[in-house]
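Colleague: Mind having a look at this structure? Questions to follow.
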Amino acid sequence: MALSTFTQAAGAVATHTVVAIVYLGALSRLTHGVYTPAFYEYQLDRAPDNESTRLIPYVDAALATLALVRATRSYALFFCFAFQVMGLGLRLREGKDALLDTALAAATAVALVTSVVRDVRVAAR
């Protein structure tokens with residue numbers, strides 16, 4: 001039981017961390033870094049701010065919101081994880097530092113796994 005409580009707590013912390021970072025990314029991209037200049041620099045290092053990134057803040061906001069809703073959390077976290085792994089792969093292929101990207105992907109993986117495990121347990125009842 002204690003491990004289950006720890007797992008739930010770790011999943012909740014990971015989920016809320018991912019949601020906060022994704023919302024921060026949406027705000028930063030949408031405002032072009034007016035309120036978050038350091039985070040915006042981090043984003044520009046990963047993807048330039050051009051026409052191809054116009055939809056990113058809206059997708060980020062939608063995924064973060066869906067991750068807050070229990071019924072859609074696993075799906076939203078899956079897409080967050082998939083996008084992060086794709087970005088991580090691109091960073092590694094370019095030979096750039098990927099420590100922060102790896103940490104975010106790991107947090108998303110923890111959130112996703114704990115969410116899916118919870119969904120399976122609820123479905124088994």
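If you're wondering about the labels, chains in the structure tokens are A, B, ... by order shown, residues count from 1 in each chain, ligands from 1 in order shown.
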Which residues are close to range 108-114 of chain A, i.e. within 10 Å by only C-alpha atoms, leaving aside same-chain residues fewer than 5 positions away? Reply as an MDAnalysis selection string.
Modeller: chainID A and resid 4 7:19 67 73:82 84:85 102:103 119:120
Colleague: Can you write out the residues you just picked, keeping N, CA and C atoms, as a short mmCIF file (atom, residue, chain, number, x, y, z; two decimals), in the first residue's frame?
Modeller:
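This is the output file out.cif:
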data_model
loop_
_atom_site.label_atom_id
_atom_site.label_comp_id
_atom_site.auth_asym_id
_atom_site.auth_seq_id
_atom_site.Cartn_x
_atom_site.Cartn_y
_atom_site.Cartn_z
N SER A 4 2.15 2.00 -3.36
CA SER A 4 1.08 2.54 -4.19
C SER A 4 0.86 4.02 -3.91
N THR A 7 3.76 5.85 -5.43
CA THR A 7 3.60 5.87 -6.89
C THR A 7 2.58 6.91 -7.30
N GLN A 8 1.47 6.97 -6.58
CA GLN A 8 0.45 7.98 -6.88
C GLN A 8 0.99 9.39 -6.69
N ALA A 9 1.75 9.59 -5.62
CA ALA A 9 2.32 10.91 -5.36
C ALA A 9 3.33 11.29 -6.43
N ALA A 10 4.17 10.34 -6.81
CA ALA A 10 5.16 10.61 -7.86
C ALA A 10 4.47 10.93 -9.18
N GLY A 11 3.41 10.19 -9.47
CA GLY A 11 2.65 10.45 -10.69
C GLY A 11 1.99 11.81 -10.68
N ALA A 12 1.46 12.20 -9.53
CA ALA A 12 0.81 13.52 -9.42
C ALA A 12 1.82 14.64 -9.57
N VAL A 13 2.97 14.50 -8.93
CA VAL A 13 4.02 15.52 -9.05
C VAL A 13 4.50 15.61 -10.50
N ALA A 14 4.75 14.47 -11.12
CA ALA A 14 5.21 14.46 -12.51
C ALA A 14 4.16 15.06 -13.44
N THR A 15 2.90 14.70 -13.24
CA THR A 15 1.83 15.23 -14.09
C THR A 15 1.73 16.74 -13.96
N HIS A 16 1.72 17.24 -12.74
CA HIS A 16 1.58 18.68 -12.55
C HIS A 16 2.82 19.44 -13.02
N THR A 17 3.98 18.83 -12.92
CA THR A 17 5.20 19.44 -13.45
C THR A 17 5.12 19.57 -14.96
N VAL A 18 4.73 18.48 -15.61
CA VAL A 18 4.61 18.49 -17.07
C VAL A 18 3.56 19.51 -17.51
N VAL A 19 2.41 19.51 -16.85
CA VAL A 19 1.34 20.46 -17.21
C VAL A 19 1.83 21.90 -17.05
N ALA A 67 -4.62 17.07 -20.03
CA ALA A 67 -3.87 16.30 -19.02
C ALA A 67 -4.38 16.55 -17.61
N ARG A 73 -6.45 12.23 -19.43
CA ARG A 73 -5.06 12.42 -19.01
C ARG A 73 -4.07 11.51 -19.73
N SER A 74 -4.37 10.22 -19.79
CA SER A 74 -3.43 9.28 -20.41
C SER A 74 -3.20 9.61 -21.88
N TYR A 75 -4.27 9.96 -22.58
CA TYR A 75 -4.14 10.31 -24.00
C TYR A 75 -3.28 11.55 -24.19
N ALA A 76 -3.55 12.58 -23.40
CA ALA A 76 -2.80 13.83 -23.50
C ALA A 76 -1.33 13.61 -23.16
N LEU A 77 -1.08 12.86 -22.10
CA LEU A 77 0.31 12.60 -21.72
C LEU A 77 1.03 11.75 -22.76
N PHE A 78 0.30 10.85 -23.41
CA PHE A 78 0.91 10.07 -24.49
C PHE A 78 1.39 10.98 -25.60
N PHE A 79 0.54 11.92 -26.02
CA PHE A 79 0.94 12.83 -27.09
C PHE A 79 2.07 13.76 -26.64
N CYS A 80 2.02 14.23 -25.40
CA CYS A 80 3.12 15.04 -24.87
C CYS A 80 4.43 14.25 -24.92
N PHE A 81 4.37 13.00 -24.47
CA PHE A 81 5.56 12.16 -24.47
C PHE A 81 6.07 11.92 -25.89
N ALA A 82 5.15 11.64 -26.81
CA ALA A 82 5.56 11.39 -28.20
C ALA A 82 6.25 12.62 -28.80
N GLN A 84 7.75 15.01 -27.18
CA GLN A 84 9.02 15.24 -26.50
C GLN A 84 10.09 14.27 -26.97
N VAL A 85 9.72 13.03 -27.20
CA VAL A 85 10.69 12.06 -27.69
C VAL A 85 11.14 12.42 -29.10
N THR A 102 15.70 15.50 -21.91
CA THR A 102 15.65 14.15 -21.34
C THR A 102 14.91 14.16 -20.01
N ALA A 103 15.17 15.15 -19.18
CA ALA A 103 14.49 15.24 -17.88
C ALA A 103 12.99 15.44 -18.07
N ASP A 119 -5.56 3.89 -14.78
CA ASP A 119 -6.67 3.59 -15.68
C ASP A 119 -6.94 2.09 -15.73
N VAL A 120 -5.88 1.29 -15.78
CA VAL A 120 -6.03 -0.17 -15.83
C VAL A 120 -6.64 -0.67 -14.53
#
Colleague: At a cut-off of 12 Å, using only C-alpha atoms, what residues contact Thr31 in chain A? Leave out same-chain residues fewer than 3 positions from it and give the result as a short mmCIF file (atom, residue, chain, number, x, y, z; two decimals) with N, CA and C atoms, in the first residue's frame.
Modeller:
data_model
loop_
_atom_site.label_atom_id
_atom_site.label_comp_id
_atom_site.auth_asym_id
_atom_site.auth_seq_id
_atom_site.Cartn_x
_atom_site.Cartn_y
_atom_site.Cartn_z
N LEU A 24 3.54 26.85 -19.57
CA LEU A 24 4.58 27.87 -19.67
C LEU A 24 5.06 27.99 -21.12
N GLY A 25 5.25 26.85 -21.77
CA GLY A 25 5.67 26.86 -23.16
C GLY A 25 4.65 27.50 -24.07
N ALA A 26 3.37 27.22 -23.82
CA ALA A 26 2.31 27.82 -24.63
C ALA A 26 2.29 29.34 -24.45
N LEU A 27 2.39 29.80 -23.21
CA LEU A 27 2.40 31.24 -22.94
C LEU A 27 3.62 31.90 -23.58
N SER A 28 4.76 31.27 -23.42
CA SER A 28 5.99 31.83 -23.95
C SER A 28 5.96 31.93 -25.47
N VAL A 34 7.61 37.67 -24.27
CA VAL A 34 7.47 38.95 -23.57
C VAL A 34 7.53 38.76 -22.06
N TYR A 35 6.85 37.75 -21.54
CA TYR A 35 6.79 37.52 -20.10
C TYR A 35 7.77 36.46 -19.62
N THR A 36 8.33 35.70 -20.55
CA THR A 36 9.20 34.58 -20.19
C THR A 36 10.43 34.55 -21.10
N PRO A 37 11.28 35.56 -21.05
CA PRO A 37 12.39 35.63 -22.01
C PRO A 37 13.37 34.46 -21.94
N PHE A 39 12.81 31.34 -20.90
CA PHE A 39 12.18 30.13 -21.42
C PHE A 39 12.01 30.23 -22.94
N TYR A 40 11.73 31.42 -23.43
CA TYR A 40 11.58 31.63 -24.87
C TYR A 40 12.90 31.36 -25.60
N ASP A 49 10.98 30.49 -34.26
CA ASP A 49 9.63 31.05 -34.21
C ASP A 49 9.27 31.56 -35.61
N ARG A 54 3.34 28.24 -35.59
CA ARG A 54 2.20 29.09 -35.23
C ARG A 54 1.17 28.34 -34.37
N PRO A 57 1.55 26.81 -29.64
CA PRO A 57 1.00 27.20 -28.33
C PRO A 57 -0.43 26.73 -28.11
N TYR A 58 -1.20 26.64 -29.16
CA TYR A 58 -2.59 26.19 -29.02
C TYR A 58 -2.64 24.68 -28.75
#
Colleague: Based on DSSP run over this structure's backbone, return all residues of range 5-83 of chain A in alpha helix (DSSP H), as a PyMOL selection string.
Modeller: chain A and resi 5-30+37-46+56-68+73-83
Colleague: I'd like to know which of A:Ala123, A:Gln43, A:Leu68, A:Leu63 is closest to Gly87 in chain A, using only C-alpha atoms.
Modeller: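 That would be A:Gln43, the residue with the smallest distance to Gly87 in chain A.
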Colleague: Go through A:Met86, A:Phe6, A:Leu100, A:Thr72 and flag the residue nearest Ser115 in chain A, using only C-alpha atoms for the distances.
Modeller: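 Of the candidates, the smallest distance to Ser115 in chain A is held by A:Thr72.
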Colleague: What is the CA of Arg70 in chain A-CA of Ile56 in chain A distance in Å, reported with one decimal?
Modeller: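 Taking CA of Arg70 in chain A as the start and CA of Ile56 in chain A as the end point, the length is 23.0 Å.
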